[in-house]
Amino acid sequence: MYNLQGKTAIITGSGRRKGIGEAIALRLAAEGCNVVISDLGTPKGPEFSIEHIGATDEMEAIAADARALGAKVIAVPCDVRSEAEVQRLMAAAVEAFGSIDILVNNAGVGYIMEPFTEFKESSWDAVLAVNLKGAFLCSKHAAIQMMAQGTAGCIINIASQAAKSGFPYAAAYTASKHGLVGLTRSNAVELGPYGIRVNAVCPNHITTGLGHWQNQFFSAKFGLDYDTYLQGIRDRNPLRRTGMVEDIAKAVAFLASDQAAYITGEAMNVSGGEEYH
Ligand SMILES: NC(=O)c1ccc[n+]([C@@H]2O[C@H](COP(=O)([O-])OP(=O)(O)OC[C@H]3O[C@@H](n4cnc5c(N)ncnc54)[C@H](O)[C@@H]3O)[C@@H](O)[C@H]2O)c1
């Protein structure tokens, strides 16, 4: 365990069961943080339908689980594509807990995949708006608050193996995650003098709700049944398994802690050795 007692952490996209964001929120709650669970809550058009998003009741249930770990918790709906909503999210955190110490940009869209020559402009825009612009807006407004506080802060971007390697049918996702590492590095250099560390975590495959959708999509594309496709991922991995949400939560807790006080601008693979550059 790391000593994060009394720190306030915002985790975007943390209102969906089985998600990486849920695991991060519960881990930071167990570490003693005040936790801000945030997600879309309600569907926003066909690209953000109920099957893909964290709904309000799910968000509230995850908040209750975090409270049961002894943490102070609020649940705040926020569409990270909107600067006004992001500002309201930051204000709600400060009003409830008095500060923002940790921001985890976890909200992401990984279910919009199309062959590159058929990739729709609207699909590109939807992916980039959440995965990259959303992280930009949240980081900007968290940094404003952290700089005003004058205390050390920490931003952690949940990137992907697709931030380091290319994946078919995923031009927008791959570009957005590579871009997120670029944002991480730029922010680390610019915000470091204010005591704000900025890092990325790059998971490989995890069967979350999003991961399950990807398993279905890629197994169909490659003409494999679901289990054979998934076993192929395990067989390629040096540790012979896929990732678990807790693997990412552990990495986030470490990066948020003083144990990582001299680590910034890093894009850390948490992939069982599948990705190593
Ligand atoms: N599962 C994997 O294999 C994997 C691998 C690498 C990286 N990732 C990344 O991890 C993060 C979490 O993914 P997950 O697998 O837990 O999937 P998930 O679907 O459980 O979580 C993504 C969350 O983002 C939220 N979201 C989407 N659009 C939003 C918006 N406009 N505003 C606010 N929230 C929004 C969704 O509601 C959902 O709760 C994503 O950034 C994803 O790209 C996942």
# chains A, B, ... in the order shown; residues from 1 in each chain; ligands from 1
$ residues_around --residues "Phe97 of chain A" --least-positions-apart "2" --cutoff "10 Å" --atoms "only C-alpha atoms" --output "PDB file with all heavy atoms, in the first residue's frame"
ATOM      1  N   GLY A   6      -5.900  11.219   2.483  1.00  0.00           N
ATOM      2  CA  GLY A   6      -6.347  12.607   2.421  1.00  0.00           C
ATOM      3  C   GLY A   6      -6.167  13.277   1.070  1.00  0.00           C
ATOM      4  O   GLY A   6      -6.596  14.417   0.880  1.00  0.00           O
ATOM      5  N   LYS A   7      -5.550  12.597   0.104  1.00  0.00           N
ATOM      6  CA  LYS A   7      -5.417  13.181  -1.244  1.00  0.00           C
ATOM      7  C   LYS A   7      -6.764  13.065  -1.962  1.00  0.00           C
ATOM      8  O   LYS A   7      -7.511  12.106  -1.754  1.00  0.00           O
ATOM      9  CB  LYS A   7      -4.379  12.418  -2.065  1.00  0.00           C
ATOM     10  CG  LYS A   7      -3.021  12.319  -1.399  1.00  0.00           C
ATOM     11  CD  LYS A   7      -2.051  13.259  -2.047  1.00  0.00           C
ATOM     12  CE  LYS A   7      -0.667  13.070  -1.501  1.00  0.00           C
ATOM     13  NZ  LYS A   7       0.068  14.308  -1.399  1.00  0.00           N
ATOM     14  N   THR A   8      -7.032  14.018  -2.824  1.00  0.00           N
ATOM     15  CA  THR A   8      -8.266  13.954  -3.610  1.00  0.00           C
ATOM     16  C   THR A   8      -7.950  13.510  -5.033  1.00  0.00           C
ATOM     17  O   THR A   8      -7.094  14.102  -5.696  1.00  0.00           O
ATOM     18  CB  THR A   8      -8.959  15.328  -3.638  1.00  0.00           C
ATOM     19  OG1 THR A   8      -9.327  15.661  -2.292  1.00  0.00           O
ATOM     20  CG2 THR A   8     -10.197  15.301  -4.513  1.00  0.00           C
ATOM     21  N   ALA A   9      -8.646  12.463  -5.472  1.00  0.00           N
ATOM     22  CA  ALA A   9      -8.402  11.893  -6.804  1.00  0.00           C
ATOM     23  C   ALA A   9      -9.671  11.921  -7.640  1.00  0.00           C
ATOM     24  O   ALA A   9     -10.738  11.508  -7.177  1.00  0.00           O
ATOM     25  CB  ALA A   9      -7.905  10.456  -6.664  1.00  0.00           C
ATOM     26  N   ASN A  34      -9.728  10.734  -1.013  1.00  0.00           N
ATOM     27  CA  ASN A  34     -11.091  11.173  -1.302  1.00  0.00           C
ATOM     28  C   ASN A  34     -11.273  10.937  -2.801  1.00  0.00           C
ATOM     29  O   ASN A  34     -10.419  11.345  -3.593  1.00  0.00           O
ATOM     30  CB  ASN A  34     -11.275  12.659  -1.019  1.00  0.00           C
ATOM     31  CG  ASN A  34     -10.868  13.012   0.397  1.00  0.00           C
ATOM     32  OD1 ASN A  34     -11.174  12.291   1.323  1.00  0.00           O
ATOM     33  ND2 ASN A  34     -10.162  14.130   0.551  1.00  0.00           N
ATOM     34  N   VAL A  35     -12.390  10.315  -3.180  1.00  0.00           N
ATOM     35  CA  VAL A  35     -12.515   9.862  -4.566  1.00  0.00           C
ATOM     36  C   VAL A  35     -13.678  10.549  -5.275  1.00  0.00           C
ATOM     37  O   VAL A  35     -14.788  10.618  -4.743  1.00  0.00           O
ATOM     38  CB  VAL A  35     -12.703   8.328  -4.599  1.00  0.00           C
ATOM     39  CG1 VAL A  35     -13.023   7.844  -6.005  1.00  0.00           C
ATOM     40  CG2 VAL A  35     -11.440   7.634  -4.085  1.00  0.00           C
ATOM     41  N   VAL A  36     -13.385  11.035  -6.475  1.00  0.00           N
ATOM     42  CA  VAL A  36     -14.425  11.591  -7.347  1.00  0.00           C
ATOM     43  C   VAL A  36     -14.617  10.618  -8.503  1.00  0.00           C
ATOM     44  O   VAL A  36     -13.761  10.487  -9.372  1.00  0.00           O
ATOM     45  CB  VAL A  36     -14.047  12.986  -7.880  1.00  0.00           C
ATOM     46  CG1 VAL A  36     -15.168  13.533  -8.758  1.00  0.00           C
ATOM     47  CG2 VAL A  36     -13.734  13.937  -6.727  1.00  0.00           C
ATOM     48  N   LYS A  72     -14.177   9.015   1.477  1.00  0.00           N
ATOM     49  CA  LYS A  72     -15.198  10.010   1.164  1.00  0.00           C
ATOM     50  C   LYS A  72     -15.307  10.040  -0.354  1.00  0.00           C
ATOM     51  O   LYS A  72     -14.280  10.151  -1.049  1.00  0.00           O
ATOM     52  CB  LYS A  72     -14.785  11.386   1.682  1.00  0.00           C
ATOM     53  CG  LYS A  72     -14.738  11.464   3.188  1.00  0.00           C
ATOM     54  CD  LYS A  72     -14.322  12.884   3.610  1.00  0.00           C
ATOM     55  CE  LYS A  72     -13.924  12.889   5.068  1.00  0.00           C
ATOM     56  NZ  LYS A  72     -12.870  13.850   5.353  1.00  0.00           N
ATOM     57  N   VAL A  73     -16.539   9.992  -0.856  1.00  0.00           N
ATOM     58  CA  VAL A  73     -16.724   9.806  -2.302  1.00  0.00           C
ATOM     59  C   VAL A  73     -17.865  10.689  -2.805  1.00  0.00           C
ATOM     60  O   VAL A  73     -18.903  10.790  -2.149  1.00  0.00           O
ATOM     61  CB  VAL A  73     -17.085   8.329  -2.623  1.00  0.00           C
ATOM     62  CG1 VAL A  73     -17.184   8.116  -4.134  1.00  0.00           C
ATOM     63  CG2 VAL A  73     -16.061   7.369  -2.026  1.00  0.00           C
ATOM     64  N   ILE A  74     -17.659  11.304  -3.968  1.00  0.00           N
ATOM     65  CA  ILE A  74     -18.789  11.898  -4.687  1.00  0.00           C
ATOM     66  C   ILE A  74     -18.810  11.309  -6.096  1.00  0.00           C
ATOM     67  O   ILE A  74     -17.763  10.880  -6.609  1.00  0.00           O
ATOM     68  CB  ILE A  74     -18.738  13.451  -4.746  1.00  0.00           C
ATOM     69  CG1 ILE A  74     -17.431  13.954  -5.391  1.00  0.00           C
ATOM     70  CG2 ILE A  74     -18.923  14.042  -3.365  1.00  0.00           C
ATOM     71  CD1 ILE A  74     -17.436  15.455  -5.680  1.00  0.00           C
ATOM     72  N   ALA A  91     -14.758  21.876 -10.192  1.00  0.00           N
ATOM     73  CA  ALA A  91     -15.333  22.705  -9.128  1.00  0.00           C
ATOM     74  C   ALA A  91     -16.020  21.833  -8.079  1.00  0.00           C
ATOM     75  O   ALA A  91     -15.928  22.101  -6.874  1.00  0.00           O
ATOM     76  CB  ALA A  91     -16.319  23.708  -9.726  1.00  0.00           C
ATOM     77  N   ALA A  92     -16.703  20.782  -8.525  1.00  0.00           N
ATOM     78  CA  ALA A  92     -17.389  19.884  -7.581  1.00  0.00           C
ATOM     79  C   ALA A  92     -16.378  19.193  -6.666  1.00  0.00           C
ATOM     80  O   ALA A  92     -16.616  19.037  -5.461  1.00  0.00           O
ATOM     81  CB  ALA A  92     -18.206  18.845  -8.349  1.00  0.00           C
ATOM     82  N   ALA A  93     -15.237  18.796  -7.231  1.00  0.00           N
ATOM     83  CA  ALA A  93     -14.194  18.140  -6.414  1.00  0.00           C
ATOM     84  C   ALA A  93     -13.652  19.101  -5.369  1.00  0.00           C
ATOM     85  O   ALA A  93     -13.511  18.742  -4.190  1.00  0.00           O
ATOM     86  CB  ALA A  93     -13.071  17.643  -7.324  1.00  0.00           C
ATOM     87  N   VAL A  94     -13.385  20.334  -5.791  1.00  0.00           N
ATOM     88  CA  VAL A  94     -12.816  21.325  -4.859  1.00  0.00           C
ATOM     89  C   VAL A  94     -13.847  21.681  -3.783  1.00  0.00           C
ATOM     90  O   VAL A  94     -13.511  21.807  -2.602  1.00  0.00           O
ATOM     91  CB  VAL A  94     -12.343  22.571  -5.629  1.00  0.00           C
ATOM     92  CG1 VAL A  94     -11.895  23.668  -4.664  1.00  0.00           C
ATOM     93  CG2 VAL A  94     -11.206  22.203  -6.585  1.00  0.00           C
ATOM     94  N   GLU A  95     -15.103  21.806  -4.207  1.00  0.00           N
ATOM     95  CA  GLU A  95     -16.146  22.142  -3.226  1.00  0.00           C
ATOM     96  C   GLU A  95     -16.286  21.033  -2.175  1.00  0.00           C
ATOM     97  O   GLU A  95     -16.403  21.295  -0.972  1.00  0.00           O
ATOM     98  CB  GLU A  95     -17.487  22.347  -3.937  1.00  0.00           C
ATOM     99  CG  GLU A  95     -18.536  22.938  -3.019  1.00  0.00           C
ATOM    100  CD  GLU A  95     -19.905  23.008  -3.683  1.00  0.00           C
ATOM    101  OE1 GLU A  95     -19.966  23.061  -4.924  1.00  0.00           O
ATOM    102  OE2 GLU A  95     -20.905  22.986  -2.942  1.00  0.00           O
ATOM    103  N   SER A  99      -9.462  20.365  -2.597  1.00  0.00           N
ATOM    104  CA  SER A  99      -8.268  20.338  -3.463  1.00  0.00           C
ATOM    105  C   SER A  99      -8.422  19.263  -4.540  1.00  0.00           C
ATOM    106  O   SER A  99      -9.333  18.434  -4.479  1.00  0.00           O
ATOM    107  CB  SER A  99      -7.014  20.019  -2.634  1.00  0.00           C
ATOM    108  OG  SER A  99      -7.088  18.684  -2.169  1.00  0.00           O
ATOM    109  N   ILE A 100      -7.522  19.316  -5.512  1.00  0.00           N
ATOM    110  CA  ILE A 100      -7.377  18.210  -6.478  1.00  0.00           C
ATOM    111  C   ILE A 100      -5.895  17.840  -6.466  1.00  0.00           C
ATOM    112  O   ILE A 100      -5.035  18.682  -6.752  1.00  0.00           O
ATOM    113  CB  ILE A 100      -7.791  18.621  -7.908  1.00  0.00           C
ATOM    114  CG1 ILE A 100      -9.260  19.057  -7.950  1.00  0.00           C
ATOM    115  CG2 ILE A 100      -7.551  17.459  -8.890  1.00  0.00           C
ATOM    116  CD1 ILE A 100      -9.672  19.708  -9.268  1.00  0.00           C
TER     117      ILE A 100
END
$ residues_near_ligand --ligand "ligand 1" --cutoff "6 Å" --atoms "only C-alpha atoms and all ligand atoms" --output "PyMOL selection string"
chain A and resi 12-16+19-21+39-40+52-54+78-81+106-110+130+158-161+203-211
$ closest_residue --among "A:Ala30, A:Asn157, A:Tyr169, A:Gln214" --to "Met1 of chain A" --atoms "only C-alpha atoms"
A:Ala30
$ atom_distance --atom1 "atom CA of Tyr111 of chain A" --atom2 "atom CA of Glu58 of chain A"
19.6 Å
$ residues_around --residues "segment 187-199 of chain A" --least-positions-apart "4" --cutoff "6 Å" --atoms "only C-alpha atoms" --output "ChimeraX atom specification"
/A:152-156,183,264-267
$ closest_residue --among "A:Gly45, A:Asn269, A:Glu246, A:Asp125" --to "Ala25 of chain A" --atoms "only C-alpha atoms"
A:Glu246
$ atom_distance --atom1 "atom CA of Arg67 of chain A" --atom2 "atom CA of Met244 of chain A"
22.6 Å
$ select_by_dssp --residues "segment 73-213 of chain A" --states "strand (DSSP E or B)" --output "list in words"
Val73, Ile74, Ala75, Val76, Pro77, Ile102, Leu103, Val104, Asn105, Gly153, Cys154, Ile155, Ile156, Asn157, Ile158, Ile196, Arg197, Val198, Asn199, Ala200, Val201, Cys202, Pro203 and Ile206 of chain A
$ write_last_selection --atoms "C-alpha atoms" --output "PDB file, in the first residue's frame"
ATOM      1  CA  VAL A  73     -16.724   9.806  -2.302  1.00  0.00           C
ATOM      2  CA  ILE A  74     -18.789  11.898  -4.687  1.00  0.00           C
ATOM      3  CA  ALA A  75     -20.144  10.809  -8.075  1.00  0.00           C
ATOM      4  CA  VAL A  76     -20.273  13.524 -10.722  1.00  0.00           C
ATOM      5  CA  PRO A  77     -21.587  13.052 -14.260  1.00  0.00           C
ATOM      6  CA  ILE A 102      -4.565  13.321  -8.521  1.00  0.00           C
ATOM      7  CA  LEU A 103      -6.284  13.261 -11.910  1.00  0.00           C
ATOM      8  CA  VAL A 104      -6.636   9.986 -13.795  1.00  0.00           C
ATOM      9  CA  ASN A 105      -7.697  10.456 -17.414  1.00  0.00           C
ATOM     10  CA  GLY A 153       0.012  17.192  -8.063  1.00  0.00           C
ATOM     11  CA  CYS A 154      -0.107  14.204 -10.319  1.00  0.00           C
ATOM     12  CA  ILE A 155      -1.820  13.458 -13.634  1.00  0.00           C
ATOM     13  CA  ILE A 156      -1.996   9.906 -14.970  1.00  0.00           C
ATOM     14  CA  ASN A 157      -3.241   9.199 -18.488  1.00  0.00           C
ATOM     15  CA  ILE A 158      -4.535   5.734 -19.285  1.00  0.00           C
ATOM     16  CA  ILE A 196       3.002  18.416 -11.130  1.00  0.00           C
ATOM     17  CA  ARG A 197       4.099  15.020 -12.414  1.00  0.00           C
ATOM     18  CA  VAL A 198       2.457  13.650 -15.558  1.00  0.00           C
ATOM     19  CA  ASN A 199       2.709  10.017 -16.629  1.00  0.00           C
ATOM     20  CA  ALA A 200       0.876   7.532 -18.819  1.00  0.00           C
ATOM     21  CA  VAL A 201       0.073   3.872 -18.222  1.00  0.00           C
ATOM     22  CA  CYS A 202      -0.149   1.601 -21.257  1.00  0.00           C
ATOM     23  CA  PRO A 203      -2.202  -1.565 -20.703  1.00  0.00           C
ATOM     24  CA  ILE A 206      -8.011  -6.562 -20.495  1.00  0.00           C
TER      25      ILE A 206
END
$ atom_distance --atom1 "atom CA of Pro238 of chain A" --atom2 "atom CA of Gly273 of chain A"
5.7 Å
$ residues_around --residues "Leu239 of chain A" --least-positions-apart "4" --cutoff "12 Å" --atoms "only C-alpha atoms" --output "PyMOL selection string"
chain A and resi 233-235+243+270-275
$ write_last_selection --atoms "C-alpha atoms" --output "PDB file, in the first residue's frame"
ATOM      1  CA  ILE A 233      -3.431 -13.308 -26.879  1.00  0.00           C
ATOM      2  CA  ARG A 234      -2.427 -15.321 -23.797  1.00  0.00           C
ATOM      3  CA  ASP A 235      -0.068 -17.540 -25.800  1.00  0.00           C
ATOM      4  CA  GLY A 243      -4.161  -8.039 -18.107  1.00  0.00           C
ATOM      5  CA  VAL A 270       1.710  -2.732 -17.939  1.00  0.00           C
ATOM      6  CA  SER A 271       1.408  -5.561 -20.402  1.00  0.00           C
ATOM      7  CA  GLY A 272       3.060  -8.698 -19.053  1.00  0.00           C
ATOM      8  CA  GLY A 273       5.995  -8.026 -21.344  1.00  0.00           C
ATOM      9  CA  GLU A 274       3.885  -7.977 -24.527  1.00  0.00           C
ATOM     10  CA  GLU A 275       4.931  -4.381 -25.170  1.00  0.00           C
TER      11      GLU A 275
END
